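Written out below as structure tokens is the structure these notes cover.
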Amino acid sequence: MQLPAERRAHLLAQLTDLVTPARLQRMAAVLAARTAHLTVVFEDVYHPHNASAVLRTAECFGLQDVHIVEDTKMFRPSTHIARGSARWLTLHRWQQDQDNGVEACLASLREQGYVIVATSPADDAIPLERLPLEKPLAVCFGTEETGLSPAAFAAADVRVAIHTPGFTRSLNVSVTAALVLYELATRLRADGAAPPLPQQRCADLTLQWLAAESRSSRMLAHEALKVAGLLPPPPAPRPFFADRPRQD
């Protein structure tokens, strides 16, 4: 559901008046560099530092969509470490008790044309730098304790490895994400393979970003959504840890 076109245009004009021209130019420049060709899937990543660091990395490197699977653990980033990165991203949450979970998340991404990528130190994994970029990529990162679940590994179309010549072959999830996203985002832009976001989505994101820019903006946007009957219901509370083990 969306705002009626006339009210949408009116709200956009109101919100635009609340920010400086320099801020508008910055938003436009950031949107021009955004891409959905590369997306991230977090499966049960829950430590605040790691959750926040990966969000910040994704936003810095120009990704827009982040898929968060909360089958057994709640994704809870730290506001201090994330530095506001979450407000610029589109977060898609998947929960097993809502008949979603990791299998539904990855199936949905595959239907949208994404190649499912898992990082792995296994011998059958290809070097990260050899991963083809022609098709959209959904890169999966798993929980701090055990990594990706067997279900996520089974659903992956390709496994990639980061070369680590040391004794310790396993990297922290936030470090792994930083290395993988930097490599792929840099190659995408160098090869010209990172298509921009569609024009309509850029317009939607501009409206969302403006609506979250200040308290006055949030009040205006809230009132417009309320009048249009488009306010979503509040999310149901969830425990930090689920009361059941993950289904492998």
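Here, A, B, ... name the chains of the structure tokens in the order displayed, residue numbers run from 1 inside each chain, and ligands are numbered from 1 in the same displayed order.
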Practice item. Give me every strand (DSSP E or B) residue in stretch 51-242 of chain A, going by DSSP on the backbone, as an NGL selection string. Key: :A and (63 or 65-69 or 73 or 90-94 or 115-119 or 126-127 or 137-141 or 143 or 147 or 158-161 or 196 or 241)
Take the residues from that selection and write them out as a PDB file, in the first residue's frame, keeping C-alpha atoms.
ATOM      1  CA  LEU A  63      24.123  -2.128  -0.589  1.00  0.00           C
ATOM      2  CA  ASP A  65      18.862  -4.719   1.131  1.00  0.00           C
ATOM      3  CA  VAL A  66      19.775  -6.826   4.147  1.00  0.00           C
ATOM      4  CA  HIS A  67      17.884 -10.023   4.986  1.00  0.00           C
ATOM      5  CA  ILE A  68      17.823 -10.975   8.661  1.00  0.00           C
ATOM      6  CA  VAL A  69      16.891 -14.531   9.622  1.00  0.00           C
ATOM      7  CA  LYS A  73      18.230 -15.628  17.984  1.00  0.00           C
ATOM      8  CA  THR A  90      16.004  -1.834   3.862  1.00  0.00           C
ATOM      9  CA  LEU A  91      15.880  -4.626   6.442  1.00  0.00           C
ATOM     10  CA  HIS A  92      13.874  -7.754   5.616  1.00  0.00           C
ATOM     11  CA  ARG A  93      13.172  -9.934   8.665  1.00  0.00           C
ATOM     12  CA  TRP A  94      12.459 -13.653   8.439  1.00  0.00           C
ATOM     13  CA  VAL A 115      22.596 -16.754  -6.710  1.00  0.00           C
ATOM     14  CA  ILE A 116      22.898 -17.966  -3.097  1.00  0.00           C
ATOM     15  CA  VAL A 117      26.494 -17.724  -1.855  1.00  0.00           C
ATOM     16  CA  ALA A 118      27.901 -19.257   1.340  1.00  0.00           C
ATOM     17  CA  THR A 119      31.357 -18.597   2.749  1.00  0.00           C
ATOM     18  CA  ILE A 126      36.095 -21.448  -4.887  1.00  0.00           C
ATOM     19  CA  PRO A 127      38.311 -18.417  -4.157  1.00  0.00           C
ATOM     20  CA  LEU A 137      24.347 -12.369  -5.443  1.00  0.00           C
ATOM     21  CA  ALA A 138      22.918 -13.075  -1.977  1.00  0.00           C
ATOM     22  CA  VAL A 139      25.830 -13.671   0.396  1.00  0.00           C
ATOM     23  CA  CYS A 140      25.004 -15.577   3.596  1.00  0.00           C
ATOM     24  CA  PHE A 141      26.679 -15.168   6.966  1.00  0.00           C
ATOM     25  CA  THR A 143      25.801 -17.246  13.694  1.00  0.00           C
ATOM     26  CA  GLY A 147      28.302 -20.459  11.307  1.00  0.00           C
ATOM     27  CA  VAL A 158      28.085 -21.787  -4.635  1.00  0.00           C
ATOM     28  CA  ARG A 159      30.556 -21.748  -1.759  1.00  0.00           C
ATOM     29  CA  VAL A 160      33.426 -19.283  -1.617  1.00  0.00           C
ATOM     30  CA  ALA A 161      36.543 -19.180   0.535  1.00  0.00           C
ATOM     31  CA  PRO A 196      21.451   1.190 -10.045  1.00  0.00           C
ATOM     32  CA  PHE A 241      16.785 -16.228  22.346  1.00  0.00           C
TER      33      PHE A 241
END
Point to revise | Long-range neighbours of A:Cys60 as a ChimeraX atom specification, 9 Å cut-off, only C-alpha atoms, 4 positions minimum in chain | key: /A:55-56,85
Review point. Taking into account only C-alpha atoms, which residue in the set A:Arg110, A:Arg87, A:Arg218, A:His37 is nearest to A:Leu18?
Key: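 Result for the nearest residue to A:Leu18: A:Arg218.
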Practice item. Check the smallest atom-to-atom distance from each of A:Leu38, A:Ala152, A:Val227, A:Ala22 to A:Glu183 using only C-alpha atoms, then report the winner. Key: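 Smallest distance to A:Glu183 is found for A:Leu38.
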Please return, as a short mmCIF file (atom, residue, chain, number, x, y, z; two decimals) with C-alpha atoms, in the first residue's frame, all residues of stretch 46-236 of chain A that DSSP assigns to alpha helix (DSSP H) on the basis of the backbone.
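The resulting file, result14.cif, is shown below:
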data_model
loop_
_atom_site.label_atom_id
_atom_site.label_comp_id
_atom_site.auth_asym_id
_atom_site.auth_seq_id
_atom_site.Cartn_x
_atom_site.Cartn_y
_atom_site.Cartn_z
CA PRO A 48 25.44 -6.47 19.05
CA HIS A 49 28.98 -5.62 17.90
CA ASN A 50 28.91 -8.03 14.96
CA ALA A 51 25.35 -7.19 13.95
CA SER A 52 26.14 -3.48 13.96
CA ALA A 53 29.47 -3.80 12.19
CA VAL A 54 27.99 -5.75 9.28
CA LEU A 55 25.12 -3.29 8.85
CA ARG A 56 27.61 -0.45 8.78
CA THR A 57 29.77 -2.27 6.24
CA ALA A 58 26.80 -3.03 3.97
CA GLU A 59 25.68 0.60 4.02
CA CYS A 60 29.18 1.96 3.44
CA THR A 79 23.21 1.86 18.06
CA HIS A 80 26.63 3.24 18.99
CA ILE A 81 28.56 0.92 16.67
CA ALA A 82 26.06 0.94 13.80
CA GLY A 101 13.07 -18.83 8.33
CA VAL A 102 16.22 -19.37 6.34
CA GLU A 103 14.77 -21.80 3.79
CA ALA A 104 11.92 -19.44 2.88
CA CYS A 105 14.29 -16.47 2.77
CA LEU A 106 16.70 -18.15 0.37
CA ALA A 107 13.88 -19.58 -1.74
CA SER A 108 12.42 -16.09 -2.12
CA LEU A 109 15.79 -14.65 -3.14
CA ARG A 110 16.33 -17.43 -5.66
CA GLU A 111 12.93 -16.69 -7.20
CA PRO A 150 23.10 -27.14 7.36
CA ALA A 151 19.89 -25.91 5.71
CA ALA A 152 21.61 -22.72 4.54
CA PHE A 153 24.63 -24.63 3.24
CA ALA A 154 22.36 -27.07 1.42
CA ALA A 155 20.50 -24.20 -0.24
CA VAL A 173 31.64 -12.88 11.11
CA SER A 174 31.98 -9.09 10.98
CA VAL A 175 35.51 -9.37 9.54
CA THR A 176 34.38 -11.97 7.02
CA ALA A 177 31.52 -9.76 5.91
CA ALA A 178 33.80 -6.73 5.55
CA LEU A 179 36.28 -8.64 3.39
CA VAL A 180 33.63 -10.29 1.23
CA LEU A 181 31.52 -7.17 0.68
CA TYR A 182 34.54 -4.98 -0.06
CA GLU A 183 35.85 -7.46 -2.63
CA LEU A 184 32.51 -7.95 -4.37
CA ALA A 185 31.34 -4.33 -4.26
CA THR A 186 34.69 -3.09 -5.57
CA ARG A 187 34.69 -5.59 -8.42
CA LEU A 188 31.07 -4.84 -9.30
CA ARG A 189 31.73 -1.15 -9.70
CA ALA A 190 35.07 -1.62 -11.46
CA ASP A 191 33.41 -3.97 -13.98
CA GLN A 199 13.80 5.09 -10.39
CA GLN A 200 10.59 4.39 -8.46
CA ARG A 201 12.50 2.70 -5.67
CA CYS A 202 14.86 5.66 -5.44
CA ALA A 203 11.84 7.93 -5.09
CA ASP A 204 10.41 5.71 -2.34
CA LEU A 205 13.72 5.65 -0.47
CA THR A 206 14.08 9.42 -0.75
CA LEU A 207 10.68 9.82 0.89
CA GLN A 208 11.57 7.32 3.64
CA TRP A 209 14.93 8.93 4.34
CA LEU A 210 13.43 12.41 4.48
CA ALA A 211 10.70 11.13 6.80
CA ARG A 215 11.57 14.72 14.72
CA SER A 216 9.53 17.22 12.70
CA SER A 217 9.85 15.02 9.61
CA ARG A 218 8.77 11.92 11.50
CA MET A 219 5.71 13.72 12.88
CA LEU A 220 4.66 14.90 9.41
CA ALA A 221 5.14 11.44 7.89
CA HIS A 222 3.33 9.74 10.76
CA GLU A 223 0.35 12.04 10.42
CA ALA A 224 0.19 11.54 6.62
CA LEU A 225 0.27 7.76 7.01
CA LYS A 226 -2.33 7.90 9.77
CA VAL A 227 -4.72 9.97 7.64
CA ALA A 228 -4.24 7.57 4.71
#
